[in-house]
Each structure stands twice: as structure tokens, then as C-alpha cells.
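Below: structure-v3.cif (mmCIF, C-alpha atoms; chains and numbers go by the auth columns)
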```cif
data_work
#
loop_
_atom_site.group_PDB
_atom_site.id
_atom_site.type_symbol
_atom_site.label_atom_id
_atom_site.label_comp_id
_atom_site.label_asym_id
_atom_site.label_seq_id
_atom_site.Cartn_x
_atom_site.Cartn_y
_atom_site.Cartn_z
_atom_site.B_iso_or_equiv
_atom_site.auth_seq_id
_atom_site.auth_asym_id
ATOM 1 C CA GLY A 1 -11.227 7.553 -13.469 0.00 1 A
ATOM 2 C CA GLU A 2 -10.834 3.974 -12.332 0.00 2 A
ATOM 3 C CA SER A 3 -10.757 3.503 -8.602 0.00 3 A
ATOM 4 C CA VAL A 4 -11.236 1.060 -5.805 0.00 4 A
ATOM 5 C CA GLY A 5 -13.525 2.123 -3.020 0.00 5 A
ATOM 6 C CA LEU A 6 -15.070 0.789 0.143 0.00 6 A
ATOM 7 C CA HIS A 7 -18.698 0.899 1.115 0.00 7 A
ATOM 8 C CA LEU A 8 -18.344 1.924 4.753 0.00 8 A
ATOM 9 C CA PRO A 9 -15.703 4.093 6.383 0.00 9 A
ATOM 10 C CA THR A 10 -16.156 2.464 9.808 0.00 10 A
ATOM 11 C CA LEU A 11 -17.284 -0.869 11.206 0.00 11 A
ATOM 12 C CA SER A 12 -17.722 -1.667 14.884 0.00 12 A
ATOM 13 C CA VAL A 13 -18.050 -5.252 16.111 0.00 13 A
ATOM 14 C CA GLN A 14 -17.896 -7.194 19.344 0.00 14 A
ATOM 15 C CA GLU A 15 -15.023 -9.538 20.066 0.00 15 A
ATOM 16 C CA GLY A 16 -15.844 -12.996 18.783 0.00 16 A
ATOM 17 C CA ASP A 17 -18.220 -11.786 16.073 0.00 17 A
ATOM 18 C CA ASN A 18 -17.529 -12.283 12.401 0.00 18 A
ATOM 19 C CA SER A 19 -16.660 -9.129 10.468 0.00 19 A
ATOM 20 C CA ILE A 20 -17.371 -8.424 6.832 0.00 20 A
ATOM 21 C CA ILE A 21 -15.640 -5.557 5.088 0.00 21 A
ATOM 22 C CA ASN A 22 -16.795 -4.673 1.602 0.00 22 A
ATOM 23 C CA CYS A 23 -15.198 -3.047 -1.385 0.00 23 A
ATOM 24 C CA ALA A 24 -16.418 -2.071 -4.845 0.00 24 A
ATOM 25 C CA TYR A 25 -14.025 -1.836 -7.753 0.00 25 A
ATOM 26 C CA SER A 26 -14.373 -0.501 -11.257 0.00 26 A
ATOM 27 C CA ASN A 27 -11.465 -1.908 -13.290 0.00 27 A
ATOM 28 C CA SER A 28 -12.528 -5.203 -14.839 0.00 28 A
ATOM 29 C CA ALA A 29 -9.022 -5.707 -16.232 0.00 29 A
ATOM 30 C CA SER A 30 -7.362 -6.064 -12.824 0.00 30 A
ATOM 31 C CA ASP A 31 -5.512 -9.331 -12.351 0.00 31 A
ATOM 32 C CA TYR A 32 -5.460 -9.479 -8.576 0.00 32 A
ATOM 33 C CA PHE A 33 -7.406 -8.018 -5.704 0.00 33 A
ATOM 34 C CA ILE A 34 -5.703 -7.669 -2.379 0.00 34 A
ATOM 35 C CA TRP A 35 -6.583 -6.824 1.199 0.00 35 A
ATOM 36 C CA TYR A 36 -4.203 -4.914 3.454 0.00 36 A
ATOM 37 C CA LYS A 37 -4.415 -4.117 7.159 0.00 37 A
ATOM 38 C CA GLN A 38 -2.876 -0.936 8.498 0.00 38 A
ATOM 39 C CA GLU A 39 -2.408 -0.263 12.189 0.00 39 A
ATOM 40 C CA SER A 40 -1.777 3.197 13.505 0.00 40 A
ATOM 41 C CA GLY A 41 1.757 4.371 12.774 0.00 41 A
ATOM 42 C CA LYS A 42 2.626 1.354 10.648 0.00 42 A
ATOM 43 C CA GLY A 43 2.777 0.531 6.983 0.00 43 A
ATOM 44 C CA PRO A 44 0.070 -1.610 5.340 0.00 44 A
ATOM 45 C CA GLN A 45 0.354 -5.317 6.042 0.00 45 A
ATOM 46 C CA PHE A 46 -0.564 -7.862 3.351 0.00 46 A
ATOM 47 C CA ILE A 47 -3.455 -10.078 4.442 0.00 47 A
ATOM 48 C CA ILE A 48 -4.641 -12.054 1.454 0.00 48 A
ATOM 49 C CA ASP A 49 -5.034 -11.749 -2.289 0.00 49 A
ATOM 50 C CA ILE A 50 -7.253 -13.353 -4.879 0.00 50 A
ATOM 51 C CA ARG A 51 -6.693 -13.795 -8.562 0.00 51 A
ATOM 52 C CA SER A 52 -9.353 -12.458 -10.880 0.00 52 A
ATOM 53 C CA ASN A 53 -10.256 -15.950 -12.143 0.00 53 A
ATOM 54 C CA MET A 54 -11.201 -17.111 -8.647 0.00 54 A
ATOM 55 C CA ASP A 55 -14.257 -16.280 -6.568 0.00 55 A
ATOM 56 C CA LYS A 56 -13.151 -17.362 -3.106 0.00 56 A
ATOM 57 C CA ARG A 57 -9.942 -17.803 -1.210 0.00 57 A
ATOM 58 C CA GLN A 58 -9.410 -18.694 2.426 0.00 58 A
ATOM 59 C CA GLY A 59 -6.593 -17.936 4.777 0.00 59 A
ATOM 60 C CA GLN A 60 -6.167 -18.167 8.498 0.00 60 A
ATOM 61 C CA ARG A 61 -9.410 -16.716 9.939 0.00 61 A
ATOM 62 C CA VAL A 62 -9.926 -14.697 6.766 0.00 62 A
ATOM 63 C CA THR A 63 -11.865 -15.328 3.584 0.00 63 A
ATOM 64 C CA VAL A 64 -11.919 -13.137 0.508 0.00 64 A
ATOM 65 C CA LEU A 65 -14.853 -13.284 -1.886 0.00 65 A
ATOM 66 C CA LEU A 66 -14.812 -11.856 -5.373 0.00 66 A
ATOM 67 C CA ASN A 67 -17.988 -11.223 -7.349 0.00 67 A
ATOM 68 C CA LYS A 68 -16.983 -10.076 -10.799 0.00 68 A
ATOM 69 C CA THR A 69 -20.557 -9.719 -11.973 0.00 69 A
ATOM 70 C CA VAL A 70 -21.172 -6.794 -9.646 0.00 70 A
ATOM 71 C CA LYS A 71 -17.482 -5.852 -9.203 0.00 71 A
ATOM 72 C CA HIS A 72 -17.539 -6.484 -5.486 0.00 72 A
ATOM 73 C CA LEU A 73 -14.856 -7.738 -3.130 0.00 73 A
ATOM 74 C CA SER A 74 -15.262 -8.626 0.516 0.00 74 A
ATOM 75 C CA LEU A 75 -13.071 -9.658 3.410 0.00 75 A
ATOM 76 C CA GLN A 76 -14.547 -11.856 6.091 0.00 76 A
ATOM 77 C CA ILE A 77 -12.761 -12.125 9.419 0.00 77 A
ATOM 78 C CA ALA A 78 -13.889 -14.968 11.654 0.00 78 A
ATOM 79 C CA ALA A 79 -13.993 -14.626 15.437 0.00 79 A
ATOM 80 C CA THR A 80 -12.787 -11.035 15.366 0.00 80 A
ATOM 81 C CA GLN A 81 -10.253 -10.140 18.046 0.00 81 A
ATOM 82 C CA PRO A 82 -9.197 -6.782 19.511 0.00 82 A
ATOM 83 C CA GLY A 83 -5.911 -7.158 17.632 0.00 83 A
ATOM 84 C CA ASP A 84 -7.869 -7.014 14.378 0.00 84 A
ATOM 85 C CA SER A 85 -8.696 -3.364 15.042 0.00 85 A
ATOM 86 C CA ALA A 86 -7.112 -1.408 12.210 0.00 86 A
ATOM 87 C CA VAL A 87 -7.843 0.257 8.888 0.00 87 A
ATOM 88 C CA TYR A 88 -8.463 -2.221 6.091 0.00 88 A
ATOM 89 C CA PHE A 89 -7.789 -1.337 2.476 0.00 89 A
ATOM 90 C CA CYS A 90 -8.688 -3.219 -0.625 0.00 90 A
ATOM 91 C CA ALA A 91 -6.402 -2.777 -3.589 0.00 91 A
ATOM 92 C CA GLU A 92 -6.300 -3.948 -7.150 0.00 92 A
ATOM 93 C CA TYR A 93 -3.386 -4.845 -9.340 0.00 93 A
ATOM 94 C CA GLN A 94 -3.099 -5.028 -13.098 0.00 94 A
ATOM 95 C CA ALA A 95 0.036 -6.481 -14.675 0.00 95 A
ATOM 96 C CA GLY A 96 2.519 -3.786 -15.577 0.00 96 A
ATOM 97 C CA THR A 97 0.940 -1.248 -13.264 0.00 97 A
ATOM 98 C CA ALA A 98 0.890 -0.660 -9.552 0.00 98 A
ATOM 99 C CA LEU A 99 -1.455 -1.260 -6.658 0.00 99 A
ATOM 100 C CA ILE A 100 -4.453 1.049 -6.591 0.00 100 A
ATOM 101 C CA PHE A 101 -5.870 1.469 -3.126 0.00 101 A
ATOM 102 C CA GLY A 102 -9.290 2.506 -1.919 0.00 102 A
ATOM 103 C CA LYS A 103 -9.959 4.803 1.019 0.00 103 A
ATOM 104 C CA GLY A 104 -10.141 2.215 3.783 0.00 104 A
ATOM 105 C CA THR A 105 -12.538 0.936 6.419 0.00 105 A
ATOM 106 C CA THR A 106 -11.722 1.395 10.084 0.00 106 A
ATOM 107 C CA LEU A 107 -12.571 -1.746 12.051 0.00 107 A
ATOM 108 C CA SER A 108 -13.102 -1.289 15.771 0.00 108 A
ATOM 109 C CA VAL A 109 -13.379 -4.377 17.945 0.00 109 A
ATOM 110 C CA SER A 110 -14.709 -4.022 21.458 0.00 110 A
ATOM 111 C CA SER A 111 -14.282 -6.651 24.134 0.00 111 A
ATOM 112 C CA ASP B 1 14.373 -7.866 11.409 0.00 1 B
ATOM 113 C CA THR B 2 14.261 -8.924 7.765 0.00 2 B
ATOM 114 C CA GLY B 3 11.366 -6.697 6.703 0.00 3 B
ATOM 115 C CA VAL B 4 11.389 -3.489 4.710 0.00 4 B
ATOM 116 C CA SER B 5 13.073 -0.662 6.583 0.00 5 B
ATOM 117 C CA GLN B 6 12.857 3.075 6.016 0.00 6 B
ATOM 118 C CA ASP B 7 14.918 5.924 7.317 0.00 7 B
ATOM 119 C CA PRO B 8 14.227 8.370 8.815 0.00 8 B
ATOM 120 C CA ARG B 9 10.894 7.542 10.399 0.00 9 B
ATOM 121 C CA HIS B 10 10.074 11.212 10.843 0.00 10 B
ATOM 122 C CA LYS B 11 11.329 14.306 9.093 0.00 11 B
ATOM 123 C CA ILE B 12 10.416 17.897 9.815 0.00 12 B
ATOM 124 C CA THR B 13 11.679 20.453 7.349 0.00 13 B
ATOM 125 C CA LYS B 14 11.081 24.002 6.313 0.00 14 B
ATOM 126 C CA ARG B 15 9.434 24.894 3.048 0.00 15 B
ATOM 127 C CA GLY B 16 11.943 25.138 0.235 0.00 16 B
ATOM 128 C CA GLN B 17 14.403 22.629 1.676 0.00 17 B
ATOM 129 C CA ASN B 18 15.347 19.361 -0.009 0.00 18 B
ATOM 130 C CA VAL B 19 14.759 16.037 1.709 0.00 19 B
ATOM 131 C CA THR B 20 15.906 12.499 0.954 0.00 20 B
ATOM 132 C CA PHE B 21 14.421 9.291 2.270 0.00 21 B
ATOM 133 C CA ARG B 22 15.952 5.845 2.187 0.00 22 B
ATOM 134 C CA CYS B 23 14.329 2.447 1.776 0.00 23 B
ATOM 135 C CA ASP B 24 15.958 -0.932 2.293 0.00 24 B
ATOM 136 C CA PRO B 25 13.773 -3.682 0.816 0.00 25 B
ATOM 137 C CA ILE B 26 13.633 -7.310 1.824 0.00 26 B
ATOM 138 C CA SER B 27 16.969 -8.602 0.599 0.00 27 B
ATOM 139 C CA GLU B 28 15.872 -11.035 -2.102 0.00 28 B
ATOM 140 C CA HIS B 29 13.106 -8.804 -3.480 0.00 29 B
ATOM 141 C CA ASN B 30 13.860 -7.373 -6.912 0.00 30 B
ATOM 142 C CA ARG B 31 10.944 -4.945 -7.112 0.00 31 B
ATOM 143 C CA LEU B 32 10.734 -1.792 -5.024 0.00 32 B
ATOM 144 C CA TYR B 33 7.859 0.677 -4.904 0.00 33 B
ATOM 145 C CA TRP B 34 7.293 4.137 -3.475 0.00 34 B
ATOM 146 C CA TYR B 35 3.890 5.369 -2.347 0.00 35 B
ATOM 147 C CA ARG B 36 2.569 8.471 -0.663 0.00 36 B
ATOM 148 C CA GLN B 37 -0.226 8.355 1.896 0.00 37 B
ATOM 149 C CA THR B 38 -2.133 11.326 3.219 0.00 38 B
ATOM 150 C CA LEU B 39 -4.390 11.242 6.251 0.00 39 B
ATOM 151 C CA GLY B 40 -7.496 9.154 5.763 0.00 40 B
ATOM 152 C CA GLN B 41 -6.500 7.977 2.294 0.00 41 B
ATOM 153 C CA GLY B 42 -5.049 4.816 0.878 0.00 42 B
ATOM 154 C CA PRO B 43 -1.476 4.792 -0.403 0.00 43 B
ATOM 155 C CA GLU B 44 -0.953 6.496 -3.762 0.00 44 B
ATOM 156 C CA PHE B 45 1.586 4.961 -6.119 0.00 45 B
ATOM 157 C CA LEU B 46 4.556 7.119 -7.125 0.00 46 B
ATOM 158 C CA THR B 47 7.160 4.965 -8.850 0.00 47 B
ATOM 159 C CA TYR B 48 8.737 1.524 -8.954 0.00 48 B
ATOM 160 C CA PHE B 49 11.959 -0.262 -9.806 0.00 49 B
ATOM 161 C CA GLN B 50 12.778 -3.709 -11.019 0.00 50 B
ATOM 162 C CA ASN B 51 16.336 -4.230 -9.896 0.00 51 B
ATOM 163 C CA GLU B 52 18.035 -0.922 -10.750 0.00 52 B
ATOM 164 C CA ALA B 53 15.686 -0.013 -13.615 0.00 53 B
ATOM 165 C CA GLN B 54 12.981 2.542 -12.910 0.00 54 B
ATOM 166 C CA LEU B 55 10.075 1.137 -14.890 0.00 55 B
ATOM 167 C CA GLU B 56 7.374 3.613 -14.032 0.00 56 B
ATOM 168 C CA LYS B 57 7.812 7.204 -12.994 0.00 57 B
ATOM 169 C CA SER B 58 4.975 9.011 -14.676 0.00 58 B
ATOM 170 C CA ARG B 59 3.039 9.015 -11.405 0.00 59 B
ATOM 171 C CA LEU B 60 5.653 11.047 -9.574 0.00 60 B
ATOM 172 C CA LEU B 61 3.801 14.086 -8.371 0.00 61 B
ATOM 173 C CA SER B 62 6.022 16.689 -9.976 0.00 62 B
ATOM 174 C CA ASP B 63 9.526 17.153 -11.308 0.00 63 B
ATOM 175 C CA ARG B 64 10.572 17.995 -7.757 0.00 64 B
ATOM 176 C CA PHE B 65 10.279 14.285 -6.966 0.00 65 B
ATOM 177 C CA SER B 66 12.934 11.817 -8.029 0.00 66 B
ATOM 178 C CA ALA B 67 13.956 8.324 -7.027 0.00 67 B
ATOM 179 C CA GLU B 68 17.014 6.161 -7.502 0.00 68 B
ATOM 180 C CA ARG B 69 18.024 2.587 -6.911 0.00 69 B
ATOM 181 C CA PRO B 70 21.629 2.622 -8.100 0.00 70 B
ATOM 182 C CA LYS B 71 22.685 -0.910 -7.258 0.00 71 B
ATOM 183 C CA GLY B 72 19.347 -2.628 -7.287 0.00 72 B
ATOM 184 C CA SER B 73 19.253 -2.846 -3.507 0.00 73 B
ATOM 185 C CA PHE B 74 18.297 0.197 -1.419 0.00 74 B
ATOM 186 C CA SER B 75 16.448 3.140 -2.920 0.00 75 B
ATOM 187 C CA THR B 76 16.211 6.838 -2.191 0.00 76 B
ATOM 188 C CA LEU B 77 13.358 9.242 -2.784 0.00 77 B
ATOM 189 C CA GLU B 78 14.246 12.912 -2.988 0.00 78 B
ATOM 190 C CA ILE B 79 11.900 15.862 -2.855 0.00 79 B
ATOM 191 C CA GLN B 80 13.405 19.171 -3.867 0.00 80 B
ATOM 192 C CA ARG B 81 12.089 22.576 -2.790 0.00 81 B
ATOM 193 C CA THR B 82 9.538 21.062 -0.454 0.00 82 B
ATOM 194 C CA GLU B 83 6.084 22.576 -0.171 0.00 83 B
ATOM 195 C CA GLN B 84 3.560 22.295 2.636 0.00 84 B
ATOM 196 C CA GLY B 85 1.435 20.067 0.412 0.00 85 B
ATOM 197 C CA ASP B 86 4.231 17.510 0.407 0.00 86 B
ATOM 198 C CA SER B 87 3.494 16.720 4.051 0.00 87 B
ATOM 199 C CA ALA B 88 2.479 13.065 4.092 0.00 88 B
ATOM 200 C CA MET B 89 3.635 9.556 4.900 0.00 89 B
ATOM 201 C CA TYR B 90 6.015 8.164 2.300 0.00 90 B
ATOM 202 C CA LEU B 91 5.872 4.396 2.104 0.00 91 B
ATOM 203 C CA CYS B 92 8.216 1.951 0.473 0.00 92 B
ATOM 204 C CA ALA B 93 7.275 -1.597 -0.479 0.00 93 B
ATOM 205 C CA SER B 94 9.052 -4.516 -2.082 0.00 94 B
ATOM 206 C CA SER B 95 8.016 -7.700 -3.816 0.00 95 B
ATOM 207 C CA LEU B 96 9.565 -10.736 -5.418 0.00 96 B
ATOM 208 C CA GLN B 97 7.835 -12.743 -8.110 0.00 97 B
ATOM 209 C CA GLN B 98 4.304 -11.732 -7.280 0.00 98 B
ATOM 210 C CA PRO B 99 3.984 -7.930 -7.645 0.00 99 B
ATOM 211 C CA SER B 100 0.498 -8.060 -6.169 0.00 100 B
ATOM 212 C CA ARG B 101 2.055 -9.165 -2.867 0.00 101 B
ATOM 213 C CA GLN B 102 3.942 -6.119 -1.765 0.00 102 B
ATOM 214 C CA PHE B 103 5.448 -5.832 1.687 0.00 103 B
ATOM 215 C CA PHE B 104 5.508 -2.357 3.124 0.00 104 B
ATOM 216 C CA GLY B 105 7.931 -0.594 5.389 0.00 105 B
ATOM 217 C CA PRO B 106 6.869 1.562 8.351 0.00 106 B
ATOM 218 C CA GLY B 107 7.020 4.752 6.314 0.00 107 B
ATOM 219 C CA THR B 108 8.669 8.132 6.674 0.00 108 B
ATOM 220 C CA ARG B 109 6.387 10.852 7.948 0.00 109 B
ATOM 221 C CA LEU B 110 7.283 14.196 6.404 0.00 110 B
ATOM 222 C CA THR B 111 6.119 17.482 7.874 0.00 111 B
ATOM 223 C CA VAL B 112 6.848 20.638 5.904 0.00 112 B
ATOM 224 C CA LEU B 113 6.532 23.819 7.940 0.00 113 B
#
```

Could you render the structure from this file as C-alpha cells?
Amino acid sequence: GESVGLHLPTLSVQEGDNSIINCAYSNSASDYFIWYKQESGKGPQFIIDIRSNMDKRQGQRVTVLLNKTVKHLSLQIAATQPGDSAVYFCAEYQAGTALIFGKGTTLSVSS
Amino acid sequence: DTGVSQDPRHKITKRGQNVTFRCDPISEHNRLYWYRQTLGQGPEFLTYFQNEAQLEKSRLLSDRFSAERPKGSFSTLEIQRTEQGDSAMYLCASSLQQPSRQFFGPGTRLTVL
């Protein structure tokens, strides 16, 4: 079946480093790709999305890159902070359907 | 707080009982979604509404699951004859014009004994 998955279940970085979280997807028909952050005991929090006709989008301290050739999505977090520690999910959306989430990457930031 | 709210936050029930969860979306959002999340997994879509119309319900896990949004505002998710496998976090989300930008509530954690 079609699914969105992440390359690594965990990522550990030092405070101040840049973090890169990767995701592979399989549905070429998806219209949007989205990154969510989920802290323990909370619902997922929208971070940033990118439309399928774009290859890069920047937000505050975050950049999402989309490579449609290899069906790869990444989230770059600049100057990672302890408050960035959470589980990060990529998701895809196709018009008329719902969000399809991957399994998540746990980011641990040590100070 | 003007975010998505869910009630209760935790529910413990015995197998075979019925449970109902409530979701209050962000007030101007016309779309409302229900997801289920089990430990270590991403949220799994169940159903969604646009205003009071339930536009997708084929992903509901069984006929024991049902959802309503009678006035196009809050929504309820009911699970009848609960089973231990129903234990999970049930998440609600809402969106406005951009359905890819869904805002999630804190979830209701269900434990079936």
C-alpha cells in the first residue's frame, strides 16, 4: 500500500547544531507534504508544509526540502534547541483524502 | 484558549462498555477530522466532516465506531462494545481552507480493561 515513512527512528543532536530529519514517500499524486511535531502527551503540532510543485520552503528556523525525483522529504532545523525535542512526523495529503502519517522520528537535543 | 479542545482527556472503561468522546474545533474551521494513534505510530485517519456532512467514513475501524457533527460545530466519536484493541489515543483536528494544515487537539487517551 501507499505509505509515508521515515528513515531513522531516532536522532540525537547537541544544542546549537542543525538537525536534518528525513522522510521517504511513495504516493506521487500527493498535493502537499507536511511536517508535524508531537511532544509527549500532546497532539501533533503543524510546523510547515510544502506544495508538490515546490522544492523548498522556509519558515522560522525550519526548512523543508522536497525531491520528487527520489520521493524524499526532509526537515532542517537550524540551531536546534532543547525545546525542539519531540517526535517529528511527515505526512502527505491528496485532495479529497486525509493526511497519511509516517511512523515518526524522535529528536533528542542535549545541552 | 482558542485551539482544538477534546473531552475527556483520559477515559478508562471496561471491555464491552460504550464510550463517547467530544471535540470542539477552532471556531471558524469548517472541517473536522478524527484520528487514532497507537504507541509509536503516526496518527491514523478515521473520518472527517465538512460542516455537518460526514464526507469520508470508510476508514472507520469497524461498525462499532461512529461519529457525528450535528450542527457543524462540535463533534462526537462513539465506540460501542469496546475491546482491548481499541485502547489508543483518539485525536481530533480541524482546518479551514487548507485541509493540509490541520490543527490537532490534545487527544483523548482510551484504556479498555

Report task. Please identify all polymer residues within 6 Å of A:Leu107, counting only C-alpha atoms, omitting same-chain residues fewer than 5 positions from it, and present them as an MDAnalysis selection string. Result -> chainID A and resid 10:12 85:86

Dump as a compact mmCIF listing (two decimals), keeping the file's coordinate frame, selection limited to C-alpha atoms:
```
# COMPACT_ATOMS: atom_id res chain seq x y z
CA THR A 10 -16.16 2.46 9.81
CA LEU A 11 -17.28 -0.87 11.21
CA SER A 12 -17.72 -1.67 14.88
CA SER A 85 -8.70 -3.36 15.04
CA ALA A 86 -7.11 -1.41 12.21
```

Check which residues satisfy the PyMOL selection byres ((chain A) within 6 of (chain B)) in the file shown, then give them as a PDB file with C-alpha atoms, keeping the file's coordinate frame.
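The result, stored in part.pdb:
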```pdb
ATOM      1  CA  LYS A  42       2.626   1.354  10.648  1.00  0.00           C
ATOM      2  CA  GLY A  43       2.777   0.531   6.983  1.00  0.00           C
ATOM      3  CA  PRO A  44       0.070  -1.610   5.340  1.00  0.00           C
ATOM      4  CA  TYR A  93      -3.386  -4.845  -9.340  1.00  0.00           C
ATOM      5  CA  PHE A 101      -5.870   1.469  -3.126  1.00  0.00           C
ATOM      6  CA  GLY A 102      -9.290   2.506  -1.919  1.00  0.00           C
ATOM      7  CA  LYS A 103      -9.959   4.803   1.019  1.00  0.00           C
TER       8      LYS A 103
END
```

Query - the PyMOL selection byres ((chain B and resi 51) around 9) resolved against shown file, as a PyMOL selection string - result: chain B and resi 29-32+49-50+52-54+69-73

Query raised in the report: atom CA of A:Val64 and atom CA of A:Pro9 are how many Å apart?
Result: 18.6 Å

Requested in this report: Apply the PyMOL selection byres ((chain B and resi 15) around 7) to the structure shown and report the selected residues as a PyMOL selection string.
Outcome: chain B and resi 13-14+16-17+81-84+112-113

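Residues within 6 Å of stretch 36-38 of chain A, counting only C-alpha atoms and excluding same-chain residues fewer than 3 positions away, are Pro44, Gln45, Phe46, Ile47, Ala86, Val87, Tyr88 and Phe89 of chain A.
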
The centre and edge lengths of an axis-aligned box containing all atoms of stretch 14-24 of chain B present in the file, extended by 3 Å on each side, are to be given in Å to one decimal, as lines of an AutoDock Vina configuration file.
```
center_x = 12.7
center_y = 12.1
center_z = 3.2
size_x = 12.5
size_y = 32.1
size_z = 12.3
```

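Candidate residues A:Leu8, A:Val62, A:Ile48, A:Ala98 were compared for distance to B:Ser58, and the nearest is A:Ala98, using all atoms listed in the file.
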
Query raised in the report: Do you know which residues lie at most 6 Å from (-15.9, -13.9, 8.6), with coordinates as in the file and only C-alpha atoms counted, and could you write them as number ranges by chain?
Result: A: 18-20, 76-78

Query - Residues near A:Lys71, cut-off 8 Å, all atoms listed in the file, skip fewer than 2 positions along chain, as a list in words - result: Ala24, Tyr25, Ser26, Ser28, Leu66, Asn67, Lys68, Thr69 and Leu73 of chain A

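Each of A:Gly41, A:Ile21, A:Gly96, A:Met54 was compared to B:His10 using only C-alpha atoms, and A:Gly41 turns out to be the nearest.
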
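Using all atoms listed in the file, the contacts of A:Gln94 at a cut-off of 10 Å, with sequence neighbours closer than 5 positions omitted, comprise Asn27, Ser28, Ala29, Ser30, Asp31, Tyr32, Phe33, Ser52, Leu99 and Ile100 of chain A; Pro99 and Ser100 of chain B.
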
Query - Atomic distance atom CA of A:Arg51 - atom CA of B:Leu96, expressed in Å with one decimal - result: 16.8 Å

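Pairwise distance (atom CA of B:Thr2, atom CA of B:Glu28) equals 10.2 Å.
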
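Of the residues under consideration (B:Gln98, B:Phe74, B:Leu61, B:Asp7), B:Phe74 shows the shortest atom-to-atom contact distance to B:Ile26 when counting all atoms listed in the file.
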
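Among the candidate residues A:Gln14, A:Ser108, A:Glu39, A:Asp55, the one lying nearest to A:Ser74 is A:Asp55, with distances computed using all atoms listed in the file.
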
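Considering the residues A:Pro82, A:Ala91, A:Cys23, A:His72 and counting all atoms listed in the file, A:Val109 has its shortest atom-to-atom contact with A:Pro82.
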
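Between A:Ile50 and the residues A:Gly16, A:Asp84, A:Asn22, A:Glu92, the shortest atom-to-atom distance, using all atoms listed in the file, involves A:Glu92.
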